[in-house]
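**Q** So that you have it, the file is entry_39.txt, and it contains compact mmCIF, C-alpha atoms:
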# COMPACT_ATOMS: atom_id res chain seq x y z
CA MET A 1473 89.06 -29.45 -22.29
CA ARG A 1474 87.60 -32.02 -24.67
CA LEU A 1475 89.32 -34.52 -26.93
CA ARG A 1476 87.58 -34.28 -30.30
CA SER A 1477 89.71 -36.71 -32.31
CA LEU A 1478 92.49 -39.16 -31.61
CA THR A 1479 94.75 -40.84 -34.17
CA LEU A 1480 97.29 -43.55 -33.38
CA GLN A 1481 99.89 -45.29 -35.52
CA HIS A 1482 102.00 -48.27 -34.39
CA PHE A 1483 101.22 -47.60 -30.72
CA ARG A 1484 101.61 -50.87 -28.79
CA ASN A 1485 99.13 -53.33 -30.40
CA ILE A 1486 97.29 -50.64 -32.36
CA PRO A 1487 98.56 -50.49 -35.97
CA TRP A 1488 96.22 -47.65 -36.90
CA ALA A 1489 93.22 -46.01 -35.33
CA GLU A 1490 91.39 -42.81 -36.20
CA LEU A 1491 88.62 -41.92 -33.78
CA VAL A 1492 86.21 -38.99 -33.91
CA LEU A 1493 84.84 -38.33 -30.43
CA SER A 1494 81.48 -36.67 -29.87
CA GLY A 1495 79.88 -35.71 -26.58
CA ARG A 1496 81.55 -35.99 -23.20
CA GLN A 1497 81.34 -39.75 -22.54
CA GLN A 1498 83.22 -42.36 -24.56
CA PHE A 1499 83.26 -46.05 -23.64
CA PHE A 1500 85.69 -48.60 -25.10
CA LEU A 1501 84.12 -52.05 -24.85
CA GLY A 1502 85.91 -55.36 -25.33
CA ALA A 1503 87.64 -58.34 -23.80
CA ASN A 1504 90.90 -57.98 -21.92
CA GLY A 1505 94.10 -57.65 -23.94
CA GLN A 1506 92.50 -56.09 -27.03
CA GLY A 1507 93.89 -52.55 -26.76
CA LYS A 1508 91.45 -50.61 -24.57
CA THR A 1509 94.06 -49.58 -22.02
CA ASN A 1510 96.56 -48.81 -24.78
CA LEU A 1511 94.10 -46.27 -26.18
CA LEU A 1512 93.77 -44.54 -22.79
CA GLU A 1513 97.54 -44.66 -22.36
CA ALA A 1514 97.96 -42.81 -25.66
CA ALA A 1515 95.34 -40.22 -24.72
CA GLY A 1516 97.11 -39.60 -21.43
CA PHE A 1517 100.54 -39.48 -23.03
CA ILE A 1518 99.75 -36.67 -25.40
CA THR A 1519 98.65 -34.44 -22.55
CA ALA A 1520 101.11 -35.53 -19.83
CA LEU A 1521 104.06 -36.64 -22.02
CA ARG A 1522 104.45 -39.82 -20.01
CA SER A 1523 102.77 -43.18 -19.71
CA PHE A 1524 100.68 -44.01 -16.67
CA ARG A 1525 101.73 -47.67 -17.08
CA THR A 1526 105.49 -47.64 -17.65
CA THR A 1527 108.54 -45.45 -17.19
CA ASP A 1528 110.19 -47.00 -20.28
CA PRO A 1529 109.03 -45.27 -23.50
CA LYS A 1530 110.93 -47.81 -25.59
CA VAL A 1531 108.06 -50.28 -25.20
CA LEU A 1532 105.44 -47.95 -26.72
CA PRO A 1533 106.20 -48.38 -30.45
CA ALA A 1534 104.74 -51.62 -31.78
CA GLN A 1535 107.07 -54.58 -32.05
CA GLY A 1536 109.19 -54.26 -35.18
CA GLN A 1537 108.39 -50.56 -35.64
CA ALA A 1538 110.94 -47.79 -35.20
CA GLU A 1539 108.37 -45.13 -34.35
CA ALA A 1540 104.89 -44.60 -32.97
CA ALA A 1541 102.74 -41.53 -33.46
CA ILE A 1542 99.85 -40.01 -31.52
CA ALA A 1543 97.84 -37.05 -32.76
CA CYS A 1544 94.72 -35.37 -31.46
CA VAL A 1545 92.52 -32.34 -31.78
CA VAL A 1546 91.39 -30.81 -28.50
CA GLU A 1547 88.80 -28.17 -27.74
CA HIS A 1548 90.56 -26.03 -25.16
CA GLU A 1549 89.07 -23.43 -22.82
CA GLN A 1550 91.98 -21.02 -23.32
CA ARG A 1551 93.49 -21.93 -26.69
CA GLY A 1552 90.43 -22.95 -28.69
CA GLU A 1553 90.85 -25.80 -31.16
CA THR A 1554 94.40 -27.13 -30.85
CA ARG A 1555 96.23 -29.87 -32.73
CA LEU A 1556 98.84 -31.92 -30.87
CA THR A 1557 101.22 -34.53 -32.25
CA VAL A 1558 103.78 -36.72 -30.51
CA ARG A 1559 106.27 -38.91 -32.36
CA LEU A 1560 107.81 -41.61 -30.19
CA ARG A 1561 111.10 -43.20 -31.15
CA ARG A 1562 113.10 -45.61 -29.07
CA ASP A 1563 115.71 -42.89 -28.51
CA GLY A 1564 113.35 -40.01 -27.69
CA ARG A 1565 110.24 -38.09 -28.69
CA GLU A 1566 109.14 -35.05 -30.65
CA LEU A 1567 106.22 -32.85 -29.68
CA TRP A 1568 104.29 -30.50 -31.96
CA CYS A 1569 101.53 -28.07 -31.03
CA ASP A 1570 99.60 -26.45 -33.90
CA GLY A 1571 102.49 -27.19 -36.23
CA GLU A 1572 105.14 -25.68 -33.96
CA LYS A 1573 107.79 -27.94 -32.46
CA ILE A 1574 107.97 -27.70 -28.66
CA SER A 1575 111.51 -27.83 -27.28
CA ARG A 1576 110.90 -26.85 -23.63
CA VAL A 1577 108.74 -29.50 -21.99
CA GLY A 1578 108.24 -27.30 -18.95
CA ASP A 1579 106.33 -24.81 -21.10
CA TYR A 1580 103.91 -27.55 -22.17
CA LEU A 1581 103.22 -29.61 -19.05
CA GLY A 1582 99.90 -28.91 -17.39
CA LYS A 1583 98.41 -27.11 -20.38
CA PHE A 1584 96.43 -30.17 -21.57
CA PRO A 1585 95.71 -32.10 -18.36
CA THR A 1586 94.32 -35.59 -17.88
CA VAL A 1587 93.59 -37.58 -14.73
CA VAL A 1588 93.79 -41.37 -14.87
CA PHE A 1589 91.72 -43.75 -12.72
CA THR A 1590 93.05 -47.34 -12.72
CA SER A 1591 92.80 -50.40 -10.49
CA GLN A 1592 96.50 -49.88 -9.74
CA ASP A 1593 95.57 -46.73 -7.82
CA LEU A 1594 95.03 -48.93 -4.76
CA LEU A 1595 98.83 -49.10 -4.53
CA LEU A 1596 98.73 -45.45 -3.50
CA VAL A 1597 97.25 -46.69 -0.24
CA ARG A 1598 98.66 -50.21 0.00
CA GLY A 1599 101.99 -49.94 -1.79
CA ALA A 1600 105.47 -48.62 -1.12
CA PRO A 1601 106.21 -44.90 -0.58
CA ALA A 1602 107.80 -44.58 -4.03
CA ALA A 1603 104.38 -44.81 -5.72
CA ARG A 1604 102.99 -42.06 -3.52
CA ARG A 1605 106.02 -39.82 -4.07
CA ARG A 1606 105.67 -40.30 -7.84
CA TRP A 1607 102.02 -39.27 -7.66
CA VAL A 1608 102.94 -36.19 -5.61
CA ASP A 1609 105.72 -35.18 -8.00
CA LEU A 1610 103.66 -35.68 -11.17
CA THR A 1611 100.64 -33.88 -9.74
CA LEU A 1612 102.46 -30.85 -8.35
CA ALA A 1613 104.88 -30.51 -11.27
CA ALA A 1614 101.98 -30.46 -13.74
CA MET A 1615 100.68 -27.18 -12.31
CA ASP A 1616 103.76 -25.62 -10.70
CA GLY A 1617 106.72 -24.79 -12.93
CA GLU A 1618 108.89 -23.88 -9.93
CA TYR A 1619 108.20 -27.27 -8.39
CA LEU A 1620 109.28 -28.96 -11.62
CA ARG A 1621 112.44 -26.86 -11.75
CA ALA A 1622 113.36 -27.68 -8.12
CA LEU A 1623 112.59 -31.36 -8.69
CA GLN A 1624 114.90 -31.54 -11.71
CA ILE A 1625 117.74 -29.76 -9.91
CA TYR A 1626 117.32 -31.93 -6.83
CA HIS A 1627 117.36 -35.25 -8.66
CA ARG A 1628 120.33 -34.31 -10.84
CA ALA A 1629 122.38 -33.34 -7.77
CA LEU A 1630 121.14 -36.41 -5.87
CA ALA A 1631 122.29 -38.70 -8.68
CA GLU A 1632 125.73 -37.08 -8.62
CA ARG A 1633 126.02 -37.40 -4.82
CA ASN A 1634 124.99 -41.06 -4.98
CA SER A 1635 127.60 -41.68 -7.68
CA LEU A 1636 130.26 -40.20 -5.41
CA LEU A 1637 129.07 -42.31 -2.48
CA LYS A 1638 129.53 -45.46 -4.56
CA VAL A 1639 133.23 -44.67 -5.07
CA GLY A 1640 133.88 -43.59 -1.49
CA ALA A 1641 134.27 -39.86 -2.10
CA LYS A 1642 135.58 -37.43 0.52
CA GLY A 1643 133.52 -34.92 2.46
CA ASP A 1644 134.49 -31.89 0.38
CA GLU A 1645 133.32 -33.59 -2.81
CA LEU A 1646 130.00 -34.52 -1.24
CA ALA A 1647 129.56 -31.00 0.19
CA ALA A 1648 129.66 -29.50 -3.30
CA PHE A 1649 126.51 -31.38 -4.30
CA GLU A 1650 124.88 -30.92 -0.90
CA HIS A 1651 125.17 -27.18 -1.51
CA THR A 1652 122.99 -27.60 -4.62
CA LEU A 1653 120.69 -30.22 -3.10
CA ALA A 1654 119.74 -28.25 0.00
CA PRO A 1655 117.89 -25.22 -1.45
CA ALA A 1656 116.16 -27.37 -4.06
CA GLY A 1657 115.13 -29.86 -1.38
CA ALA A 1658 113.83 -27.13 0.91
CA GLU A 1659 111.75 -25.70 -1.93
CA LEU A 1660 110.29 -29.14 -2.68
CA ILE A 1661 109.29 -29.61 0.95
CA ALA A 1662 107.71 -26.16 1.19
CA ARG A 1663 105.71 -26.63 -2.01
CA ARG A 1664 104.66 -30.14 -0.96
CA ILE A 1665 103.35 -28.77 2.32
CA THR A 1666 101.18 -26.23 0.50
CA GLY A 1667 100.08 -28.44 -2.38
CA LEU A 1668 99.26 -31.49 -0.30
CA ALA A 1669 97.28 -29.41 2.18
CA GLU A 1670 95.07 -28.20 -0.69
CA LEU A 1671 94.76 -31.66 -2.24
CA GLY A 1672 94.11 -33.27 1.13
CA GLN A 1673 91.23 -30.93 1.89
CA ARG A 1674 89.64 -31.62 -1.48
CA ALA A 1675 90.17 -35.39 -1.10
CA ALA A 1676 88.46 -35.37 2.30
CA GLU A 1677 85.48 -33.55 0.80
CA PHE A 1678 85.16 -36.00 -2.09
CA TYR A 1679 85.54 -38.99 0.24
CA ALA A 1680 82.62 -37.70 2.31
CA ARG A 1681 80.52 -37.72 -0.88
CA LEU A 1682 81.64 -41.22 -1.91
CA ALA A 1683 81.54 -43.01 1.44
CA ASP A 1684 80.24 -42.64 4.97
CA ALA A 1685 80.87 -39.08 6.09
CA ALA A 1686 80.81 -40.33 9.72
CA GLU A 1687 84.29 -41.75 9.09
CA PRO A 1688 86.28 -38.82 7.71
CA ALA A 1689 89.33 -39.39 5.53
CA ALA A 1690 92.56 -37.43 5.72
CA LEU A 1691 95.89 -37.11 3.95
CA ALA A 1692 99.02 -36.27 5.95
CA TYR A 1693 102.41 -35.29 4.54
CA ARG A 1694 105.32 -37.06 6.27
CA PRO A 1695 108.61 -35.29 5.43
CA ASN A 1696 111.71 -37.39 5.93
CA VAL A 1697 113.57 -34.39 7.41
CA GLY A 1698 111.73 -32.52 10.12
CA GLU A 1699 112.84 -28.92 9.58
CA PRO A 1700 112.15 -27.78 5.99
CA THR A 1701 115.15 -25.47 5.59
CA ALA A 1702 118.27 -25.66 3.45
CA ALA A 1703 120.47 -25.39 6.55
CA ALA A 1704 118.70 -28.32 8.22
CA LEU A 1705 119.08 -30.45 5.10
CA ARG A 1706 122.80 -29.66 4.79
CA ALA A 1707 123.30 -30.53 8.45
CA LYS A 1708 121.39 -33.80 8.01
CA TRP A 1709 123.51 -34.88 5.04
CA GLN A 1710 126.76 -33.81 6.66
CA GLY A 1711 125.94 -35.72 9.83
CA GLY A 1712 124.91 -38.80 7.86
CA ARG A 1713 127.87 -39.05 5.49
CA ALA A 1714 129.46 -42.03 7.23
CA ARG A 1715 126.25 -44.03 7.07
CA ASP A 1716 125.55 -42.92 3.50
CA LEU A 1717 129.04 -44.07 2.49
CA GLN A 1718 128.42 -47.41 4.17
CA PHE A 1719 125.18 -47.94 2.22
CA ARG A 1720 126.45 -46.10 -0.89
CA THR A 1721 123.31 -44.02 -1.23
CA THR A 1722 121.69 -40.90 0.27
CA LEU A 1723 119.45 -42.16 3.04
CA ALA A 1724 117.71 -38.90 4.00
CA GLY A 1725 115.97 -36.11 2.14
CA PRO A 1726 112.77 -35.29 0.22
CA HIS A 1727 113.31 -38.36 -1.97
CA ARG A 1728 112.39 -40.37 1.14
CA ASP A 1729 109.21 -38.45 1.97
CA ASP A 1730 105.84 -40.16 2.25
CA ILE A 1731 102.16 -39.35 2.58
CA GLU A 1732 99.80 -41.20 4.89
CA PHE A 1733 96.10 -41.82 4.33
CA SER A 1734 93.69 -42.35 7.19
CA VAL A 1735 90.00 -43.16 7.57
CA GLY A 1736 88.25 -42.51 10.85
CA GLY A 1737 91.57 -41.47 12.38
CA ARG A 1738 93.26 -44.82 11.67
CA ALA A 1739 95.85 -45.70 9.03
CA ALA A 1740 93.99 -46.68 5.88
CA ARG A 1741 96.68 -49.13 4.79
CA GLU A 1742 96.20 -51.33 7.85
CA TYR A 1743 92.63 -50.71 8.98
CA ALA A 1744 90.45 -49.49 6.09
CA SER A 1745 88.25 -52.00 4.30
CA GLU A 1746 88.75 -52.60 0.60
CA GLY A 1747 85.65 -50.53 -0.12
CA GLN A 1748 87.00 -47.66 1.95
CA GLN A 1749 90.37 -47.89 0.22
CA ARG A 1750 88.71 -47.79 -3.21
CA SER A 1751 86.66 -44.77 -2.18
CA LEU A 1752 89.81 -43.12 -0.88
CA VAL A 1753 91.78 -43.43 -4.12
CA LEU A 1754 88.76 -42.33 -6.16
CA ALA A 1755 88.48 -39.28 -3.91
CA LEU A 1756 92.17 -38.58 -4.40
CA ARG A 1757 91.83 -38.64 -8.20
CA LEU A 1758 88.71 -36.48 -8.10
CA ALA A 1759 90.61 -34.05 -5.87
CA GLN A 1760 93.46 -34.03 -8.38
CA ALA A 1761 91.05 -33.22 -11.22
CA ALA A 1762 89.39 -30.41 -9.27
CA TRP A 1763 92.78 -29.00 -8.24
CA PHE A 1764 94.03 -29.04 -11.83
CA HIS A 1765 90.93 -27.12 -12.89
CA ALA A 1766 91.29 -24.59 -10.08
CA ARG A 1767 95.01 -24.03 -10.66
CA GLY A 1768 95.13 -24.08 -14.44
CA GLY A 1769 91.65 -22.97 -15.48
CA VAL A 1770 91.29 -26.05 -17.72
CA ARG A 1771 89.03 -29.02 -17.02
CA PRO A 1772 91.09 -32.21 -17.36
CA VAL A 1773 89.94 -35.18 -19.40
CA LEU A 1774 89.22 -38.16 -17.15
CA LEU A 1775 90.55 -41.57 -18.21
CA ALA A 1776 88.89 -44.44 -16.33
CA ASP A 1777 90.51 -47.81 -17.04
CA ASP A 1778 88.09 -50.57 -16.08
CA VAL A 1779 87.33 -49.07 -12.67
CA LEU A 1780 83.58 -48.52 -12.88
CA GLY A 1781 82.91 -52.27 -12.93
CA GLU A 1782 84.86 -52.73 -9.70
CA LEU A 1783 82.53 -50.50 -7.70
CA ASP A 1784 79.34 -51.64 -6.00
CA PRO A 1785 76.18 -49.96 -7.35
CA GLU A 1786 75.95 -47.40 -4.53
CA ARG A 1787 79.60 -46.29 -4.83
CA ARG A 1788 79.24 -46.14 -8.59
CA ARG A 1789 76.21 -43.89 -8.23
CA ARG A 1790 78.02 -41.64 -5.76
CA PHE A 1791 81.13 -41.52 -7.95
CA TRP A 1792 79.05 -40.41 -10.92
CA ALA A 1793 77.28 -37.76 -8.86
CA ALA A 1794 80.65 -36.40 -7.68
CA LEU A 1795 82.00 -35.84 -11.21
CA ASP A 1796 82.10 -32.38 -12.69
CA PRO A 1797 79.31 -32.67 -15.31
CA GLU A 1798 81.40 -30.66 -17.79
CA MET A 1799 84.42 -32.96 -17.71
CA GLN A 1800 84.91 -35.44 -20.54
CA ILE A 1801 85.43 -39.06 -19.50
CA LEU A 1802 86.92 -41.89 -21.56
CA ALA A 1803 86.21 -45.22 -19.88
CA THR A 1804 86.94 -48.87 -20.62
CA GLY A 1805 85.24 -52.09 -19.61
CA THR A 1806 84.19 -55.58 -20.62
CA THR A 1807 80.44 -54.96 -20.29
CA THR A 1808 78.23 -52.15 -21.55
CA PRO A 1809 77.75 -49.36 -18.99
CA GLU A 1810 74.35 -48.96 -17.37
CA ALA A 1811 71.90 -46.63 -19.08
CA GLU A 1812 71.51 -44.65 -15.86
CA LEU A 1813 75.09 -43.39 -16.29
CA GLY A 1814 74.01 -41.33 -19.27
CA ALA A 1815 74.51 -41.47 -23.03
CA TRP A 1816 77.81 -43.01 -24.15
CA GLN A 1817 79.58 -43.01 -27.48
CA ILE A 1818 80.64 -46.66 -27.59
CA PHE A 1819 83.55 -48.19 -29.50
CA ARG A 1820 83.99 -51.96 -29.68
CA VAL A 1821 87.63 -52.99 -29.38
CA ALA A 1822 89.16 -56.16 -30.80
CA ALA A 1823 92.80 -56.89 -31.68
CA GLY A 1824 93.79 -53.24 -31.73
CA THR A 1825 90.88 -52.06 -33.89
CA PHE A 1826 88.14 -49.66 -32.76
CA THR A 1827 84.67 -49.89 -34.29
CA PRO A 1828 82.08 -47.24 -33.37
CA GLU A 1829 78.75 -48.69 -32.35
CA ALA A 1830 75.69 -47.21 -33.99
CA ALA A 1831 73.73 -44.95 -31.66
CA ALA A 1832 70.51 -46.45 -30.38
Spell out the structure here as structure tokens.
**A**
Amino acid sequence: MRLRSLTLQHFRNIPWAELVLSGRQQFFLGANGQGKTNLLEAAGFITALRSFRTTDPKVLPAQGQAEAAIACVVEHEQRGETRLTVRLRRDGRELWCDGEKISRVGDYLGKFPTVVFTSQDLLLVRGAPAARRRWVDLTLAAMDGEYLRALQIYHRALAERNSLLKVGAKGDELAAFEHTLAPAGAELIARRITGLAELGQRAAEFYARLADAAEPAALAYRPNVGEPTAAALRAKWQGGRARDLQFRTTLAGPHRDDIEFSVGGRAAREYASEGQQRSLVLALRLAQAAWFHARGGVRPVLLADDVLGELDPERRRRFWAALDPEMQILATGTTTPEAELGAWQIFRVAAGTFTPEAAA
């Protein structure tokens, strides 16, 4: 897939921008705080229907504006030229594809994929489990409609059970929601086992290309409940009701799962160097992009937010060599990219305006 044009109105600090994109490499050059990341955020939103920076869509329309709009034209492997439009209001959003309003988000997700590389990706290794679970859920749901369905059912029932725990509900009331939670939770675990095995294998292969292959990397899924069956989950929740009531929340289940990264057989969070950790998260994103392409038949657009400048020259060279040469990449930075990285279409960014730089 290629983004061929991108138009923004009242999106964060960008009052209006209309960009025509040519080639497969675009670079947005400017000082910090000028709108480079906002542009990538908009590009990612129109394909993933969520921001990679915030879970609160109310902050996306510019201050004082009731609505923001994002529109683009994409060249798609399966659909040909496609026009997409998203209107963002503080109370919701509207999505249009080739002039037709989309009402079922599940029918849209994964059709126009992007993969985002940011400096915050290091939190996937260093941060709390919630960040890793969110990555797992977003990645798997993008390509697996049944995973998305199970995830929605599970979290709705989990919210209801937690509400009951807060008011000291009886066992029969809790059991009603446990009956819904258990099969959805078992399906999540089963699909995580399969999906993370595939992603982990790809990530290990990419890490070997980015770093020292003598120290192999690995990804391990750590389910919170050992036996991935509905019966085991029901038994776990029934046996833990007293403790859950004490803490007023559900303390066990797939919403407490984690994944663990290792390098050279040791936990990456504690023992990997910063360079190894950076290589690891880059490998994970490259694995995600390759998996999206394999599962959906569409090459995702890569959005690299000021990450190339954080790599040493050798890792940068290896990263570039590992990219699918047919994938489009939109990158940001404060200095012009090296000529050895290929020909870039460059836009200078200042105060929310984007000015194309004349080709050399």
**Q** So how far away is CA of Val1773 in chain A from CA of Leu1491 in chain A, in Å?
**A**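 Result for CA of Leu1491 in chain A versus CA of Val1773 in chain A: 15.9 Å, one decimal.
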**Q** Identify, on the basis of only C-alpha atoms, every residue whose closest approach to range 1709-1711 of chain A does not exceed 9 Å; exclude the query and any residue fewer than 2 positions from it along the same chain; express the result as a list in words.
**A**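 These residues fall inside the cut-off: Gly1643, Leu1646, Ala1647, Glu1650, Ala1704, Leu1705, Arg1706, Ala1707, Arg1713, Ala1714, Arg1715, Asp1716, Thr1722, Leu1723, Ala1724 and Gly1725 of chain A.
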**Q** Could you pull the residues within 12 Å of Lys1583 in chain A, counting all atoms listed in the file, minus those fewer than 3 positions along the same chain, as a ChimeraX atom specification?
**A** /A:1473,1518-1521,1546,1548-1551,1554,1556,1569,1577-1580,1586,1613-1617,1764-1765,1767-1773
**Q** Just write the chosen residues, C-alpha atoms, as an mmCIF file, keeping the file's coordinate frame.
**A**
data_model
loop_
_atom_site.group_PDB
_atom_site.id
_atom_site.type_symbol
_atom_site.label_atom_id
_atom_site.label_comp_id
_atom_site.auth_asym_id
_atom_site.auth_seq_id
_atom_site.Cartn_x
_atom_site.Cartn_y
_atom_site.Cartn_z
ATOM 1 C CA MET A 1473 89.060 -29.450 -22.290
ATOM 2 C CA ILE A 1518 99.750 -36.670 -25.400
ATOM 3 C CA THR A 1519 98.650 -34.440 -22.550
ATOM 4 C CA ALA A 1520 101.110 -35.530 -19.830
ATOM 5 C CA LEU A 1521 104.060 -36.640 -22.020
ATOM 6 C CA VAL A 1546 91.390 -30.810 -28.500
ATOM 7 C CA HIS A 1548 90.560 -26.030 -25.160
ATOM 8 C CA GLU A 1549 89.070 -23.430 -22.820
ATOM 9 C CA GLN A 1550 91.980 -21.020 -23.320
ATOM 10 C CA ARG A 1551 93.490 -21.930 -26.690
ATOM 11 C CA THR A 1554 94.400 -27.130 -30.850
ATOM 12 C CA LEU A 1556 98.840 -31.920 -30.870
ATOM 13 C CA CYS A 1569 101.530 -28.070 -31.030
ATOM 14 C CA VAL A 1577 108.740 -29.500 -21.990
ATOM 15 C CA GLY A 1578 108.240 -27.300 -18.950
ATOM 16 C CA ASP A 1579 106.330 -24.810 -21.100
ATOM 17 C CA TYR A 1580 103.910 -27.550 -22.170
ATOM 18 C CA THR A 1586 94.320 -35.590 -17.880
ATOM 19 C CA ALA A 1613 104.880 -30.510 -11.270
ATOM 20 C CA ALA A 1614 101.980 -30.460 -13.740
ATOM 21 C CA MET A 1615 100.680 -27.180 -12.310
ATOM 22 C CA ASP A 1616 103.760 -25.620 -10.700
ATOM 23 C CA GLY A 1617 106.720 -24.790 -12.930
ATOM 24 C CA PHE A 1764 94.030 -29.040 -11.830
ATOM 25 C CA HIS A 1765 90.930 -27.120 -12.890
ATOM 26 C CA ARG A 1767 95.010 -24.030 -10.660
ATOM 27 C CA GLY A 1768 95.130 -24.080 -14.440
ATOM 28 C CA GLY A 1769 91.650 -22.970 -15.480
ATOM 29 C CA VAL A 1770 91.290 -26.050 -17.720
ATOM 30 C CA ARG A 1771 89.030 -29.020 -17.020
ATOM 31 C CA PRO A 1772 91.090 -32.210 -17.360
ATOM 32 C CA VAL A 1773 89.940 -35.180 -19.400
#
**Q** Identify the residues around (104.4, -26.7, -4.0) within a radius of 12 Å, measuring from all atoms listed in the file in the coordinates stated by the file, and give them as JSON, numbers by chain.
**A** {"A": [1608, 1609, 1610, 1611, 1612, 1613, 1614, 1615, 1616, 1617, 1618, 1619, 1620, 1621, 1622, 1623, 1656, 1657, 1658, 1659, 1660, 1661, 1662, 1663, 1664, 1665, 1666, 1667, 1668, 1669, 1670, 1671, 1767]}
**Q** Name the closest residue to Leu1594 in chain A among the candidates A:Trp1763, A:Ala1744, A:Glu1812, A:Phe1819; distances are taken between atoms, counting all atoms listed in the file.
**A**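 Closest to Leu1594 in chain A of all the choices is A:Ala1744.
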**Q** Give me, as a tab-separated table, the closest atom pair and its distance (Å, one decimal) for every residue of range 1664-1733 of chain A within a cut-off of 12 Å of range 1779-1797 of chain A, counting all atoms listed in the file, rows sorted by chain and rising number.
**A**
residue	atom	partner	partner_atom	distance
A:Arg1674	CA	A:Ala1794	CA	11.9
A:Ala1675	CA	A:Ala1794	CA	11.6
A:Glu1677	CA	A:Ala1794	CA	10.2
A:Phe1678	CA	A:Ala1794	CA	7.2
A:Tyr1679	CA	A:Phe1791	CA	9.6
A:Ala1680	CA	A:Arg1790	CA	10.1
A:Arg1681	CA	A:Arg1790	CA	6.7
A:Leu1682	CA	A:Arg1790	CA	5.3
A:Ala1683	CA	A:Arg1787	CA	7.3
A:Asp1684	CA	A:Arg1787	CA	10.5
**Q** Only C-alpha atoms, please: the residues just picked out, written as an mmCIF file, in the coordinates of the input.
**A**
data_model
loop_
_atom_site.group_PDB
_atom_site.id
_atom_site.type_symbol
_atom_site.label_atom_id
_atom_site.label_comp_id
_atom_site.auth_asym_id
_atom_site.auth_seq_id
_atom_site.Cartn_x
_atom_site.Cartn_y
_atom_site.Cartn_z
ATOM 1 C CA ARG A 1674 89.640 -31.620 -1.480
ATOM 2 C CA ALA A 1675 90.170 -35.390 -1.100
ATOM 3 C CA GLU A 1677 85.480 -33.550 0.800
ATOM 4 C CA PHE A 1678 85.160 -36.000 -2.090
ATOM 5 C CA TYR A 1679 85.540 -38.990 0.240
ATOM 6 C CA ALA A 1680 82.620 -37.700 2.310
ATOM 7 C CA ARG A 1681 80.520 -37.720 -0.880
ATOM 8 C CA LEU A 1682 81.640 -41.220 -1.910
ATOM 9 C CA ALA A 1683 81.540 -43.010 1.440
ATOM 10 C CA ASP A 1684 80.240 -42.640 4.970
#
**Q** Using all atoms listed in the file, collect all residues at a distance of at most 10 Å from (86.5, -40.3, 9.1) as written in the file, then present them as an NGL selection string.
**A** :A and (1676 or 1679-1680 or 1683-1690 or 1734-1738)
**Q** Find the residue from A:Arg1598, A:Trp1488, A:Ala1603, A:Arg1728 that sits nearest to Tyr1743 in chain A; use all atoms listed in the file when measuring.
**A**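 So, comparing all the options, the nearest one is A:Arg1598.
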**Q** One decimal, in Å: what's the spacing between CA of Gly1507 in chain A and CA of Ala1762 in chain A?
**A**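 Separation of CA of Gly1507 in chain A and CA of Ala1762 in chain A: 28.6 Å.
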**Q** From the set A:Thr1825, A:Ser1751, A:Thr1807, A:Ser1745, which residue has the shortest atom-to-atom contact distance to Ala1503 in chain A, counting only C-alpha atoms?
**A**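 Closest residue, counting only C-alpha atoms: A:Thr1807.
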**Q** Just range 1530-1551 of chain A, please, as a PDB file, in the first residue's frame (only C-alpha atoms).
**A**
ATOM      1  CA  LYS A1530     -11.003  14.477  22.264  1.00  0.00           C
ATOM      2  CA  VAL A1531      -7.536  16.038  22.124  1.00  0.00           C
ATOM      3  CA  LEU A1532      -7.143  15.569  18.357  1.00  0.00           C
ATOM      4  CA  PRO A1533      -9.258  18.495  17.059  1.00  0.00           C
ATOM      5  CA  ALA A1534      -7.351  21.773  17.302  1.00  0.00           C
ATOM      6  CA  GLN A1535      -8.077  23.960  20.296  1.00  0.00           C
ATOM      7  CA  GLY A1536     -11.295  25.882  19.738  1.00  0.00           C
ATOM      8  CA  GLN A1537     -12.423  23.633  16.869  1.00  0.00           C
ATOM      9  CA  ALA A1538     -15.389  21.281  17.090  1.00  0.00           C
ATOM     10  CA  GLU A1539     -14.094  18.893  14.436  1.00  0.00           C
ATOM     11  CA  ALA A1540     -10.958  17.667  12.721  1.00  0.00           C
ATOM     12  CA  ALA A1541     -10.771  15.935   9.368  1.00  0.00           C
ATOM     13  CA  ILE A1542      -8.252  13.593   7.764  1.00  0.00           C
ATOM     14  CA  ALA A1543      -8.473  12.462   4.147  1.00  0.00           C
ATOM     15  CA  CYS A1544      -6.133  10.469   1.967  1.00  0.00           C
ATOM     16  CA  VAL A1545      -5.816   8.642  -1.307  1.00  0.00           C
ATOM     17  CA  VAL A1546      -4.077   5.276  -1.124  1.00  0.00           C
ATOM     18  CA  GLU A1547      -2.798   2.975  -3.826  1.00  0.00           C
ATOM     19  CA  HIS A1548      -3.912  -0.425  -2.588  1.00  0.00           C
ATOM     20  CA  GLU A1549      -2.768  -3.866  -3.733  1.00  0.00           C
ATOM     21  CA  GLN A1550      -6.285  -5.306  -3.594  1.00  0.00           C
ATOM     22  CA  ARG A1551      -8.632  -2.326  -3.955  1.00  0.00           C
TER      23      ARG A1551
END
